[in-house]
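Note: the block below is query27.cif and it holds mmCIF, C-alpha atoms and all ligand atoms.
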data_work
loop_
_atom_site.label_atom_id
_atom_site.label_comp_id
_atom_site.auth_asym_id
_atom_site.auth_seq_id
_atom_site.Cartn_x
_atom_site.Cartn_y
_atom_site.Cartn_z
CA MET A 1 -20.90 6.56 -6.85
CA PRO A 2 -22.58 9.96 -7.14
CA LEU A 3 -20.62 13.06 -8.11
CA PHE A 4 -21.43 16.37 -6.47
CA ARG A 5 -20.78 19.69 -8.18
CA THR A 6 -20.95 22.96 -6.34
CA ARG A 7 -19.16 26.19 -5.59
CA ALA A 8 -17.35 25.94 -2.27
CA LEU A 9 -15.32 28.00 0.12
CA VAL A 10 -12.24 26.33 1.64
CA LEU A 11 -12.46 26.65 5.43
CA ARG A 12 -9.75 24.48 6.88
CA VAL A 13 -7.02 22.15 5.75
CA HIS A 14 -5.51 19.36 7.83
CA TYR A 15 -2.67 17.07 6.88
CA LEU A 16 -3.98 13.54 6.86
CA SER A 17 -0.74 11.81 5.86
CA ASP A 18 2.46 12.62 3.98
CA THR A 19 0.49 12.95 0.79
CA ASP A 20 -3.17 13.64 1.60
CA LYS A 21 -5.12 16.57 2.97
CA LEU A 22 -8.45 16.60 4.77
CA VAL A 23 -10.34 19.71 3.71
CA THR A 24 -13.41 21.31 5.25
CA PHE A 25 -15.56 23.17 2.72
CA TYR A 26 -18.64 25.30 3.01
CA THR A 27 -20.49 24.50 -0.19
CA GLU A 28 -23.29 26.37 -1.89
CA ARG A 29 -25.48 23.34 -2.53
CA TYR A 30 -24.66 20.90 0.27
CA GLY A 31 -23.61 23.00 3.26
CA LYS A 32 -20.51 22.11 5.21
CA ILE A 33 -18.68 18.97 4.10
CA LYS A 34 -15.32 17.31 4.71
CA ALA A 35 -13.44 15.62 1.93
CA VAL A 36 -10.09 13.93 1.44
CA ALA A 37 -7.85 15.34 -1.28
CA LYS A 38 -5.56 12.47 -2.30
CA GLY A 39 -2.03 13.52 -3.15
CA ALA A 40 -2.74 17.19 -2.37
CA ARG A 41 0.46 17.57 -0.35
CA ARG A 42 2.64 16.52 -3.27
CA ILE A 43 4.46 19.40 -4.89
CA LYS A 44 3.06 18.47 -8.32
CA SER A 45 -0.48 17.92 -7.06
CA LYS A 46 -3.24 18.65 -9.57
CA PHE A 47 -5.01 20.63 -6.85
CA GLY A 48 -2.29 23.31 -6.86
CA ALA A 49 -3.25 26.41 -4.88
CA SER A 50 -6.98 25.66 -4.90
CA LEU A 51 -7.13 24.01 -1.48
CA GLU A 52 -5.93 26.96 0.57
CA PRO A 53 -8.27 28.44 3.21
CA LEU A 54 -10.32 31.44 1.94
CA THR A 55 -10.31 30.21 -1.65
CA LEU A 56 -13.61 30.11 -3.50
CA ILE A 57 -13.57 27.16 -5.85
CA SER A 58 -15.71 25.24 -8.21
CA LEU A 59 -15.65 21.80 -6.61
CA ILE A 60 -16.44 18.29 -7.77
CA TYR A 61 -16.40 15.59 -5.12
CA PHE A 62 -17.81 12.13 -4.73
CA GLY A 63 -18.84 9.63 -2.13
CA LYS A 64 -21.97 8.16 -0.66
CA GLU A 65 -24.45 10.68 0.62
CA HIS A 66 -24.58 10.96 4.43
CA GLN A 67 -21.18 9.36 4.60
CA SER A 68 -18.92 11.58 6.67
CA LEU A 69 -15.86 11.63 4.41
CA TYR A 70 -16.01 12.40 0.73
CA ARG A 71 -13.25 12.44 -1.84
CA VAL A 72 -12.22 15.55 -3.78
CA ASN A 73 -12.27 14.89 -7.49
CA GLN A 74 -11.54 18.25 -9.06
CA CYS A 75 -11.36 21.88 -8.08
CA ASP A 76 -10.90 25.09 -10.01
CA ILE A 77 -10.21 28.44 -8.44
CA VAL A 78 -13.01 30.97 -8.80
CA GLU A 79 -11.56 33.59 -6.44
CA PHE A 80 -8.30 33.34 -4.49
CA HIS A 81 -8.78 36.62 -2.57
CA GLN A 82 -5.19 37.68 -3.12
CA THR A 83 -5.75 41.24 -1.81
CA VAL A 84 -7.30 39.88 1.38
CA ARG A 85 -4.21 37.70 1.86
CA ASP A 86 -1.77 40.49 1.06
CA SER A 87 -2.62 42.47 4.19
CA LEU A 88 -2.27 40.89 7.61
CA ALA A 89 -5.32 42.69 8.98
CA THR A 90 -7.75 41.61 6.24
CA CYS A 91 -6.26 38.11 6.25
CA PHE A 92 -6.90 37.79 10.00
CA TYR A 93 -10.43 39.20 9.64
CA ALA A 94 -11.17 36.72 6.87
CA LEU A 95 -9.85 33.80 8.91
CA TYR A 96 -11.97 34.88 11.85
CA PHE A 97 -15.01 34.98 9.52
CA ILE A 98 -14.23 31.46 8.39
CA ASP A 99 -13.59 30.23 11.91
CA LEU A 100 -16.97 31.60 12.94
CA LEU A 101 -18.75 29.97 10.01
CA ASP A 102 -17.06 26.65 10.75
CA SER A 103 -17.89 26.77 14.45
CA LEU A 104 -21.52 27.77 14.05
CA THR A 105 -22.47 25.25 11.39
CA ALA A 106 -22.85 21.49 11.39
CA GLU A 107 -22.10 19.22 8.45
CA GLY A 108 -24.77 18.57 5.89
CA GLN A 109 -27.12 21.47 6.60
CA THR A 110 -27.72 23.22 3.31
CA ASP A 111 -28.04 26.99 3.34
CA PRO A 112 -27.37 28.76 0.01
CA ASN A 113 -28.22 32.16 1.54
CA LEU A 114 -25.52 31.74 4.15
CA PHE A 115 -23.07 30.75 1.42
CA MET A 116 -23.98 33.85 -0.58
CA PHE A 117 -23.63 36.07 2.47
CA VAL A 118 -20.21 34.73 3.47
CA THR A 119 -18.78 34.92 -0.05
CA SER A 120 -20.06 38.47 -0.56
CA THR A 121 -18.61 39.51 2.80
CA LEU A 122 -15.19 38.24 1.71
CA GLU A 123 -15.65 40.19 -1.54
CA SER A 124 -16.31 43.37 0.46
CA LEU A 125 -13.24 42.96 2.64
CA THR A 126 -10.59 45.44 1.53
CA PRO A 127 -7.73 47.08 3.43
CA GLU A 128 -8.88 50.56 2.34
CA GLN A 129 -12.13 50.42 4.29
CA ASN A 130 -12.26 49.82 8.02
CA PRO A 131 -13.09 46.12 8.21
CA GLU A 132 -14.17 46.47 11.86
CA LEU A 133 -17.66 47.57 10.84
CA LEU A 134 -17.91 44.78 8.28
CA CYS A 135 -16.91 42.42 11.07
CA ARG A 136 -19.87 43.63 13.18
CA ILE A 137 -22.24 43.14 10.25
CA TYR A 138 -20.84 39.67 9.67
CA GLU A 139 -21.18 38.61 13.30
CA LEU A 140 -24.76 39.82 13.58
CA ARG A 141 -25.93 38.58 10.21
CA ILE A 142 -24.39 35.13 10.40
CA LEU A 143 -26.20 34.60 13.71
CA ALA A 144 -29.43 35.94 12.21
CA LEU A 145 -29.15 33.72 9.13
CA LEU A 146 -28.67 30.69 11.37
CA GLY A 147 -31.80 31.59 13.30
CA TYR A 148 -30.19 33.28 16.28
CA LYS A 149 -31.24 36.84 15.56
CA PRO A 150 -31.36 38.88 18.76
CA ARG A 151 -34.79 40.39 19.46
CA LEU A 152 -34.21 44.13 19.39
CA GLU A 153 -37.61 45.59 18.51
CA GLN A 154 -39.80 45.04 21.53
CA CYS A 155 -39.21 44.20 25.17
CA VAL A 156 -39.21 40.40 25.45
CA LYS A 157 -41.25 40.64 28.64
CA CYS A 158 -44.02 43.17 28.05
CA GLY A 159 -43.88 43.54 24.27
CA GLN A 160 -43.67 47.35 24.43
CA PHE A 161 -41.31 49.50 22.41
CA PRO A 162 -38.72 50.84 24.83
CA ARG A 163 -38.99 54.56 25.65
CA SER A 164 -36.01 55.15 27.91
CA HIS A 165 -32.53 56.20 26.72
CA TRP A 166 -31.26 52.70 27.15
CA VAL A 167 -32.50 49.10 27.31
CA GLY A 168 -31.33 46.03 29.13
CA PHE A 169 -30.17 42.98 27.21
CA SER A 170 -30.07 39.38 28.29
CA TYR A 171 -27.65 37.14 26.38
CA ASN A 172 -29.50 34.22 27.79
CA SER A 173 -32.90 35.11 26.37
CA GLN A 174 -31.27 36.98 23.44
CA GLY A 175 -33.57 39.97 23.71
CA ILE A 176 -34.05 43.45 25.11
CA TYR A 177 -35.85 44.46 28.29
CA CYS A 178 -37.37 47.91 28.69
CA ALA A 179 -36.46 49.82 31.86
CA PRO A 180 -39.68 49.07 33.80
CA CYS A 181 -39.28 45.32 33.14
CA LEU A 182 -35.69 45.05 34.38
CA ASP A 183 -36.59 44.16 37.95
CA GLY A 184 -36.03 40.51 38.71
CA ASN A 185 -34.81 39.67 35.22
CA PRO A 186 -31.30 38.45 34.51
CA VAL A 187 -30.13 41.36 32.40
CA GLU A 188 -26.40 41.26 31.76
CA THR A 189 -25.82 44.50 29.95
CA ARG A 190 -27.29 47.87 29.04
CA ILE A 191 -27.41 49.21 25.50
CA ASN A 192 -27.89 52.87 24.62
CA LEU A 193 -30.84 53.56 22.37
CA GLY A 194 -28.47 55.08 19.78
CA THR A 195 -26.42 51.89 19.68
CA LEU A 196 -29.61 49.86 19.47
CA GLN A 197 -30.56 51.78 16.31
CA TYR A 198 -27.16 50.98 14.80
CA LEU A 199 -27.59 47.32 15.67
CA LYS A 200 -30.89 47.22 13.81
CA LYS A 201 -29.33 49.02 10.87
CA LEU A 202 -26.40 46.59 10.70
CA LEU A 203 -28.84 43.68 10.58
CA THR A 204 -30.55 45.01 7.46
CA LEU A 205 -27.89 47.09 5.68
CA ASP A 206 -27.13 46.33 2.03
CA LEU A 207 -23.68 44.73 1.89
CA ASN A 208 -22.67 47.01 -0.98
CA ARG A 209 -23.23 50.09 1.11
CA TRP A 210 -21.73 49.25 4.47
CA SER A 211 -18.65 51.39 4.00
CA ARG A 212 -20.78 54.56 3.81
CA LEU A 213 -22.15 54.01 7.30
CA LYS A 214 -20.40 56.11 9.95
CA ILE A 215 -20.65 55.10 13.57
CA PRO A 216 -19.35 57.19 16.49
CA LYS A 217 -16.40 55.68 18.37
CA GLY A 218 -18.35 55.12 21.60
CA SER A 219 -21.08 53.17 19.86
CA GLU A 220 -18.49 51.25 17.86
CA GLU A 221 -16.94 49.92 21.07
CA GLU A 222 -20.32 49.15 22.57
CA LEU A 223 -21.29 47.27 19.40
CA GLU A 224 -18.09 45.27 19.47
CA GLN A 225 -18.58 44.15 23.06
CA PHE A 226 -22.20 43.33 22.33
CA THR A 227 -21.62 41.17 19.26
CA HIS A 228 -18.68 39.44 20.88
CA ARG A 229 -20.73 38.45 23.92
CA LEU A 230 -23.57 37.37 21.66
CA ILE A 231 -21.19 34.99 19.92
CA LEU A 232 -19.67 33.77 23.17
CA ALA A 233 -23.18 33.03 24.46
CA ARG A 234 -23.93 31.03 21.31
CA LEU A 235 -20.63 29.11 21.10
CA GLY A 236 -19.90 28.80 24.80
CA ARG A 237 -16.21 29.39 24.11
CA GLU A 238 -13.76 31.87 22.62
CA LEU A 239 -12.61 31.20 19.08
CA LYS A 240 -8.84 30.85 18.70
CA SER A 241 -8.73 33.32 15.83
CA TYR A 242 -10.44 36.14 17.75
CA PRO A 243 -7.76 37.20 20.28
CA LEU A 244 -5.16 36.96 17.51
CA LEU A 245 -7.22 39.24 15.30
CA LYS A 246 -7.41 41.79 18.14
CA GLN A 247 -3.67 41.51 18.67
CA ILE A 248 -2.86 42.08 15.00
CA ILE A 249 -5.13 45.08 14.55
CA HIS A 250 -3.88 46.74 17.71
CA ASN A 251 -0.25 46.30 16.75
CA TYR A 252 -0.66 47.82 13.30
CA MET B 1 -4.50 -16.49 26.62
CA LYS B 2 -3.95 -12.88 27.55
CA ARG B 3 -1.14 -11.00 25.89
CA PRO B 4 1.81 -10.22 28.22
CA SER B 5 1.37 -6.70 29.54
CA VAL B 6 4.93 -5.64 28.60
CA LEU B 7 4.10 -6.38 24.98
CA THR B 8 0.83 -4.48 25.20
CA ASP B 9 2.75 -1.52 26.63
CA LEU B 10 5.08 -1.48 23.64
CA ILE B 11 2.16 -1.72 21.21
CA GLN B 12 0.40 1.15 22.98
CA GLU B 13 3.50 3.37 22.83
CA LEU B 14 4.15 2.64 19.15
CA LYS B 15 0.53 3.43 18.34
CA ARG B 16 1.10 6.98 19.54
CA LEU B 17 3.50 7.59 16.65
CA PRO B 18 2.08 9.38 13.63
CA GLY B 19 0.80 7.10 10.90
CA ILE B 20 0.97 3.93 13.03
CA GLY B 21 -2.22 2.02 13.70
CA GLN B 22 -2.97 -1.09 15.76
CA LYS B 23 -1.90 -3.61 13.10
CA THR B 24 1.40 -1.89 12.32
CA ALA B 25 2.14 -1.44 16.03
CA GLU B 26 1.57 -5.14 16.64
CA ARG B 27 3.78 -6.13 13.72
CA LEU B 28 6.60 -3.83 14.88
CA SER B 29 6.29 -5.05 18.47
CA PHE B 30 6.55 -8.70 17.50
CA PHE B 31 9.48 -7.89 15.23
CA ILE B 32 11.32 -6.18 18.09
CA MET B 33 10.48 -8.97 20.52
CA ARG B 34 11.76 -11.71 18.23
CA GLY B 35 14.83 -9.82 17.03
CA GLU B 36 18.29 -9.72 18.61
CA LYS B 37 18.60 -8.22 22.06
CA LEU B 38 21.36 -5.89 20.86
CA ARG B 39 19.09 -4.36 18.21
CA ALA B 40 16.41 -3.60 20.77
CA GLU B 41 18.99 -2.02 23.05
CA LYS B 42 20.30 0.15 20.24
CA LEU B 43 16.80 1.30 19.35
CA SER B 44 15.99 2.11 22.94
CA ALA B 45 19.31 3.96 23.42
CA ALA B 46 18.78 5.92 20.22
CA ILE B 47 15.36 7.08 21.41
CA THR B 48 16.72 8.08 24.83
CA ASN B 49 19.66 9.93 23.25
CA VAL B 50 17.41 11.96 21.00
CA LYS B 51 15.59 13.23 24.05
CA GLU B 52 18.65 13.72 26.23
CA LYS B 53 21.35 14.99 23.90
CA ILE B 54 19.51 17.21 21.45
CA VAL B 55 19.17 20.85 22.37
CA LEU B 56 18.03 23.94 20.51
CA CYS B 57 20.75 26.22 19.20
CA SER B 58 20.58 29.49 21.11
CA GLN B 59 21.27 31.48 17.93
CA CYS B 60 19.22 29.88 15.16
CA HIS B 61 16.87 27.63 17.21
CA GLY B 62 17.84 24.68 15.03
CA ILE B 63 18.30 21.27 16.65
CA THR B 64 21.86 20.39 17.60
CA GLU B 65 24.03 18.32 19.93
CA ARG B 66 26.19 21.26 20.86
CA ASN B 67 25.29 24.89 21.29
CA PRO B 68 25.80 26.91 19.12
CA CYS B 69 25.14 24.44 16.32
CA ASP B 70 27.63 23.36 13.64
CA ILE B 71 26.26 25.87 11.16
CA CYS B 72 26.25 28.83 13.54
CA SER B 73 29.77 28.07 14.75
CA ASP B 74 31.20 27.50 11.25
CA GLU B 75 33.51 30.45 10.43
CA ARG B 76 33.06 29.94 6.69
CA ARG B 77 29.30 30.59 6.77
CA ASP B 78 28.14 34.04 5.71
CA ARG B 79 26.51 35.63 8.77
CA SER B 80 25.16 38.56 6.80
CA LEU B 81 22.66 36.22 5.13
CA ILE B 82 19.91 34.58 7.19
CA CYS B 83 17.46 32.06 5.77
CA VAL B 84 14.25 31.92 7.83
CA VAL B 85 12.49 28.54 7.94
CA GLU B 86 9.45 27.15 9.76
CA GLU B 87 10.76 23.95 11.34
CA PRO B 88 14.14 22.48 12.38
CA HIS B 89 13.94 19.77 9.70
CA ASP B 90 13.67 22.45 6.98
CA VAL B 91 17.31 23.31 7.76
CA TYR B 92 18.37 19.79 6.82
CA VAL B 93 16.30 19.81 3.66
CA LEU B 94 18.00 23.05 2.53
CA GLU B 95 21.45 21.89 3.69
CA ASN B 96 21.09 18.77 1.53
CA VAL B 97 20.91 21.03 -1.51
CA GLY B 98 24.30 22.37 -0.46
CA GLU B 99 23.86 25.72 -2.24
CA PHE B 100 23.21 27.99 0.69
CA LYS B 101 26.26 29.49 2.39
CA GLY B 102 24.53 31.72 4.94
CA VAL B 103 23.03 30.87 8.33
CA TYR B 104 19.51 29.96 9.39
CA HIS B 105 16.78 31.05 11.74
CA VAL B 106 14.12 28.51 12.74
CA LEU B 107 10.74 30.06 13.63
CA MET B 108 9.49 26.93 15.41
CA GLY B 109 6.16 27.12 13.64
CA VAL B 110 4.15 29.49 11.54
CA ILE B 111 1.44 32.09 12.17
CA SER B 112 -1.85 30.21 12.05
CA PRO B 113 -4.90 32.06 13.41
CA LEU B 114 -7.20 29.06 13.02
CA ASP B 115 -4.92 27.05 15.30
CA GLY B 116 -4.46 29.93 17.72
CA ILE B 117 -0.78 30.41 16.84
CA GLY B 118 0.20 34.05 16.71
CA PRO B 119 3.51 35.87 16.23
CA GLY B 120 4.19 35.61 19.97
CA GLU B 121 4.48 31.82 19.76
CA LEU B 122 7.35 32.00 17.26
CA THR B 123 11.03 32.87 17.73
CA LEU B 124 10.55 36.29 16.10
CA ASP B 125 12.07 38.21 19.03
CA GLY B 126 15.25 36.21 18.52
CA LEU B 127 15.27 37.02 14.81
CA LYS B 128 14.77 40.72 15.48
CA ALA B 129 17.56 40.68 18.05
CA ARG B 130 19.93 39.03 15.56
CA VAL B 131 19.16 41.71 12.97
CA GLU B 132 19.47 44.53 15.50
CA ALA B 133 22.83 43.21 16.66
CA GLY B 134 24.07 44.30 13.21
CA GLY B 135 25.94 42.71 10.34
CA VAL B 136 22.85 41.18 8.69
CA LYS B 137 22.38 42.32 5.07
CA GLU B 138 19.73 40.00 3.74
CA ILE B 139 16.93 37.83 5.08
CA ILE B 140 15.58 35.09 2.84
CA ILE B 141 12.14 33.97 3.95
CA ALA B 142 11.69 30.29 3.16
CA THR B 143 8.30 29.65 4.79
CA ASN B 144 5.93 27.34 2.91
CA PRO B 145 3.96 28.88 0.03
CA ASP B 146 0.61 28.51 1.81
CA LEU B 147 -1.69 30.89 3.66
CA GLU B 148 0.15 30.53 6.98
CA GLY B 149 3.58 30.77 5.38
CA ASP B 150 2.52 33.87 3.45
CA ALA B 151 1.05 35.56 6.54
CA THR B 152 4.26 34.84 8.44
CA ALA B 153 6.37 36.28 5.61
CA ILE B 154 4.28 39.48 5.58
CA TYR B 155 4.63 39.76 9.35
CA ILE B 156 8.42 39.35 9.21
CA ALA B 157 8.67 41.94 6.45
CA LYS B 158 6.78 44.46 8.61
CA LEU B 159 8.76 43.56 11.70
CA LEU B 160 12.13 44.15 10.05
CA LYS B 161 11.21 46.93 7.65
CA ALA B 162 12.69 49.68 9.83
CA ASN B 163 16.02 47.86 10.10
CA GLY B 164 16.97 48.51 6.48
CA VAL B 165 17.77 44.88 5.81
CA LYS B 166 17.08 43.39 2.38
CA LEU B 167 14.18 40.94 2.46
CA SER B 168 13.47 38.27 -0.10
CA ARG B 169 11.16 35.29 -0.40
CA ILE B 170 12.04 32.02 -2.10
CA ALA B 171 10.39 31.77 -5.52
CA ARG B 172 7.00 30.14 -5.83
CA GLY B 173 5.29 28.84 -8.91
CA VAL B 174 5.46 25.97 -11.37
CA PRO B 175 7.43 23.00 -9.95
CA VAL B 176 10.35 21.57 -11.90
CA GLY B 177 8.99 18.81 -14.13
CA GLY B 178 5.51 20.30 -13.86
CA ASP B 179 3.36 21.30 -16.80
CA ILE B 180 2.22 24.88 -17.37
CA GLU B 181 -0.90 23.60 -19.09
CA TYR B 182 -2.11 22.03 -15.85
CA ALA B 183 -1.05 24.77 -13.46
CA ASP B 184 -3.83 26.79 -11.84
CA THR B 185 -4.11 30.55 -12.29
CA VAL B 186 -2.75 31.41 -8.85
CA THR B 187 0.32 29.19 -9.27
CA LEU B 188 0.99 30.70 -12.70
CA GLN B 189 0.58 34.21 -11.32
CA LYS B 190 3.18 33.47 -8.62
CA ALA B 191 5.48 31.94 -11.22
CA LEU B 192 5.26 35.12 -13.32
CA GLU B 193 5.95 37.31 -10.29
CA GLY B 194 8.95 35.19 -9.41
CA ARG B 195 10.45 35.18 -12.94
CA THR B 196 14.20 35.63 -13.25
CA ASP B 197 16.26 37.70 -15.66
CA MET B 198 17.98 35.64 -18.36
CA GLY B 199 20.38 38.41 -19.23
ZN ZN C 1 -40.94 45.65 29.12
ZN ZN C 2 22.52 27.50 15.13
#

What does the file become when written as structure tokens?
Ligand SMILES: [Zn+2]
Ligand SMILES: [Zn+2]
Amino acid sequence: MPLFRTRALVLRVHYLSDTDKLVTFYTERYGKIKAVAKGARRIKSKFGASLEPLTLISLIYFGKEHQSLYRVNQCDIVEFHQTVRDSLATCFYALYFIDLLDSLTAEGQTDPNLFMFVTSTLESLTPEQNPELLCRIYELRILALLGYKPRLEQCVKCGQFPRSHWVGFSYNSQGIYCAPCLDGNPVETRINLGTLQYLKKLLTLDLNRWSRLKIPKGSEEELEQFTHRLILARLGRELKSYPLLKQIIHNY
Amino acid sequence: MKRPSVLTDLIQELKRLPGIGQKTAERLSFFIMRGEKLRAEKLSAAITNVKEKIVLCSQCHGITERNPCDICSDERRDRSLICVVEEPHDVYVLENVGEFKGVYHVLMGVISPLDGIGPGELTLDGLKARVEAGGVKEIIIATNPDLEGDATAIYIAKLLKANGVKLSRIARGVPVGGDIEYADTVTLQKALEGRTDMG
């Protein structure tokens, strides 16, 4: 039976029985996979702390390819993200990131760039810097990497660059409409041109430099509503981790 | 020949139990059917009693037949010391050790964002009220040493910080009978943090 070796991020852990865990991983080389970790619930399990959500591990698993359940053979912790776990806010952000990744991806679709992006986002998540902006970058970029990048350059109808102070946006067609083209089109929201510029910037910004970007409060709120609706339109439902994240950051 | 529907009903109900599949449910059903009538009656009464007679203790949220529970109403227990656990059965696990002389508080779950369980779903208001009522000196947080248990412990620490009560967490690290050589870095780190003074 073939052995697979790859770096992997632990997304979710379910108890399969009194002794076993079913773990969902996002792997660098094979995309999302599910694998059974035999004996992982035992207190003296060889897997130790490696199968906790948010942990980046070096994973060896086996099983037949295209078979839905694999078996975990060995895992070693590469990064546990202790500082992310130590603060409730960053922990909730990180779990939302993972929830989003899990919900937007299907098993077996390989995407090393997405893996790189998610792991570097978790690296950048620190309590000292406002993670809200990083959250916006993450939401926009994960959609873009999966091929759902909103069209923000030209009007989707006439192809012109918008000239007014605001544009319309349709979550359905995932693109902007310039003011003259609004008539008769199902535009659900308006975006200020300033906010539109920030959106474009967030889509291309170097992940090492995000914390230097300053966004005015008004635009920040507009961006949040925008990305959230973009995700709702894609998923068709609210993620469980999202309202809890909002609750935690508002209470602290 | 078709199987009698009463038997099928029993098989269906048993199959709902965790860890019981079709084969096991069939085996158990035939066992019950062929066994003494008295045994079946006892089993059925025991199941009914569990649902009818067990209530949650209004103080600690543990499961009990009378409210407040035996632990909360025991005068010899130290009420200044509260051990916070996730589930009612954790109380029994800790009581079996027999070392703990304080009282308990059952959270009825653990903060788990991926499952949509937030602080509001737990009995944290009750815990805060117990602390605010006075007389509590120390809270021992005995949630599981996993991501959800850790998040819950951090939340409780923040919630009760202003009350001036001492907070501690049960030690995590290398299990008894385990081998340091095979422990992962995170487990060893926790073991070092949780080291105890040997005088
Ligand atoms: Zn147009
Ligand atoms: Zn009680």

For this session: Report as a PyMOL selection string the set of chain B residues whose atoms approach chain A to within 12 Å, with distances computed over all atoms listed in the file.
Result: chain B and resi 18-20+111-121+144-159+172-190

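Ranking A:Gly147, A:Pro112, A:Gly175, A:Gly63 by their shortest atom-to-atom distance to Gly31 of chain A, with all atoms listed in the file included, puts A:Pro112 first.
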
For this session: Could you tell me, counting all atoms listed in the file, which protein and nucleic acid residues lie no more than 10 Å from ligand ZN 2 (chain C), written as an NGL selection string?
Result: :B and (56-64 or 66-74 or 91 or 103-106)

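Around ligand ZN 1 (chain C), the neighbouring residues within 7 Å, taking all atoms listed in the file, come to Cys155, Val156, Lys157, Cys158, Gly159, Gln160, Tyr177, Cys178, Ala179, Pro180 and Cys181 of chain A.
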
For the residues in that selection, give me C-alpha atoms as a PDB file, in the frame of the given file.
ATOM      1  CA  CYS A 155     -39.210  44.200  25.170  1.00  0.00           C
ATOM      2  CA  VAL A 156     -39.210  40.400  25.450  1.00  0.00           C
ATOM      3  CA  LYS A 157     -41.250  40.640  28.640  1.00  0.00           C
ATOM      4  CA  CYS A 158     -44.020  43.170  28.050  1.00  0.00           C
ATOM      5  CA  GLY A 159     -43.880  43.540  24.270  1.00  0.00           C
ATOM      6  CA  GLN A 160     -43.670  47.350  24.430  1.00  0.00           C
ATOM      7  CA  TYR A 177     -35.850  44.460  28.290  1.00  0.00           C
ATOM      8  CA  CYS A 178     -37.370  47.910  28.690  1.00  0.00           C
ATOM      9  CA  ALA A 179     -36.460  49.820  31.860  1.00  0.00           C
ATOM     10  CA  PRO A 180     -39.680  49.070  33.800  1.00  0.00           C
ATOM     11  CA  CYS A 181     -39.280  45.320  33.140  1.00  0.00           C
TER      12      CYS A 181
END

For this session: Have a look at A:Leu69, A:Leu203, A:Leu100, A:Leu59 and name the one nearest to Arg237 of chain A; count all atoms listed in the file.
Result: A:Leu100

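Taking atom CA of Asn172 of chain A as the reference point, atom CA of Arg141 of chain A is found at 18.5 Å.
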
Problem set entry | Near-Val6 of chain B list (12 Å; only C-alpha atoms; drop same-chain fewer than 4 positions) as a VMD selection string | chain B and resid 2 10 to 13 29 to 30 33

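Nearest to Gln22 of chain B of all the residues B:Asn49, B:Glu99, B:Thr8, B:Val84 is B:Thr8, counting all atoms listed in the file.
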
For this session: Would you list the contacts of Glu86 of chain B as a count of residues only, taking every protein, DNA or RNA residue within 7 Å and counting only C-alpha atoms, but skipping same-chain residues closer than 3 positions in sequence?
Result: 7

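Atom CA of Leu167 of chain B sits 14.2 Å away from atom CA of Gly194 of chain B.
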
Problem set entry | Contacts of Arg209 of chain A at 10 Å (only C-alpha atoms; same-chain gap of 4+ positions) as a VMD selection string | chain A and resid 124 205 213

For this session: Fewer than 3 positions away in the same chain doesn't count, so skip those; otherwise give me all residues within 7 Å of segment 126-129 of chain B, counting all atoms listed in the file, as a PyMOL selection string.
Result: chain B and resi 105+123+132-133+160

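By chain and then residue number, the residues within 12 Å of Gly134 of chain B are Arg79, Ser80, Leu81, Leu127, Lys128, Ala129, Arg130, Val131, Glu132, Val136, Lys137, Glu138, Asn163, Gly164 and Val165 of chain B, counting all atoms listed in the file and disregarding those fewer than 2 positions away in sequence.
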
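Take the candidates A:Arg151, A:Glu28, A:Asn251, A:Val36 and check each one against Lys200 of chain A using all atoms listed in the file; the shortest distance goes to A:Arg151.
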
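Relative to atom CA of Ser58 of chain A, atom CA of Arg5 of chain A is found at 7.5 Å.
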
Quick one: what's the axis-aligned box for segment 87-93 of chain B, all listed atoms, 6 Å on every side, centre and edges in Å to one decimal, as lines of an AutoDock Vina configuration file?
center_x = 14.6
center_y = 21.9
center_z = 8.0
size_x = 19.6
size_y = 16.2
size_z = 20.7
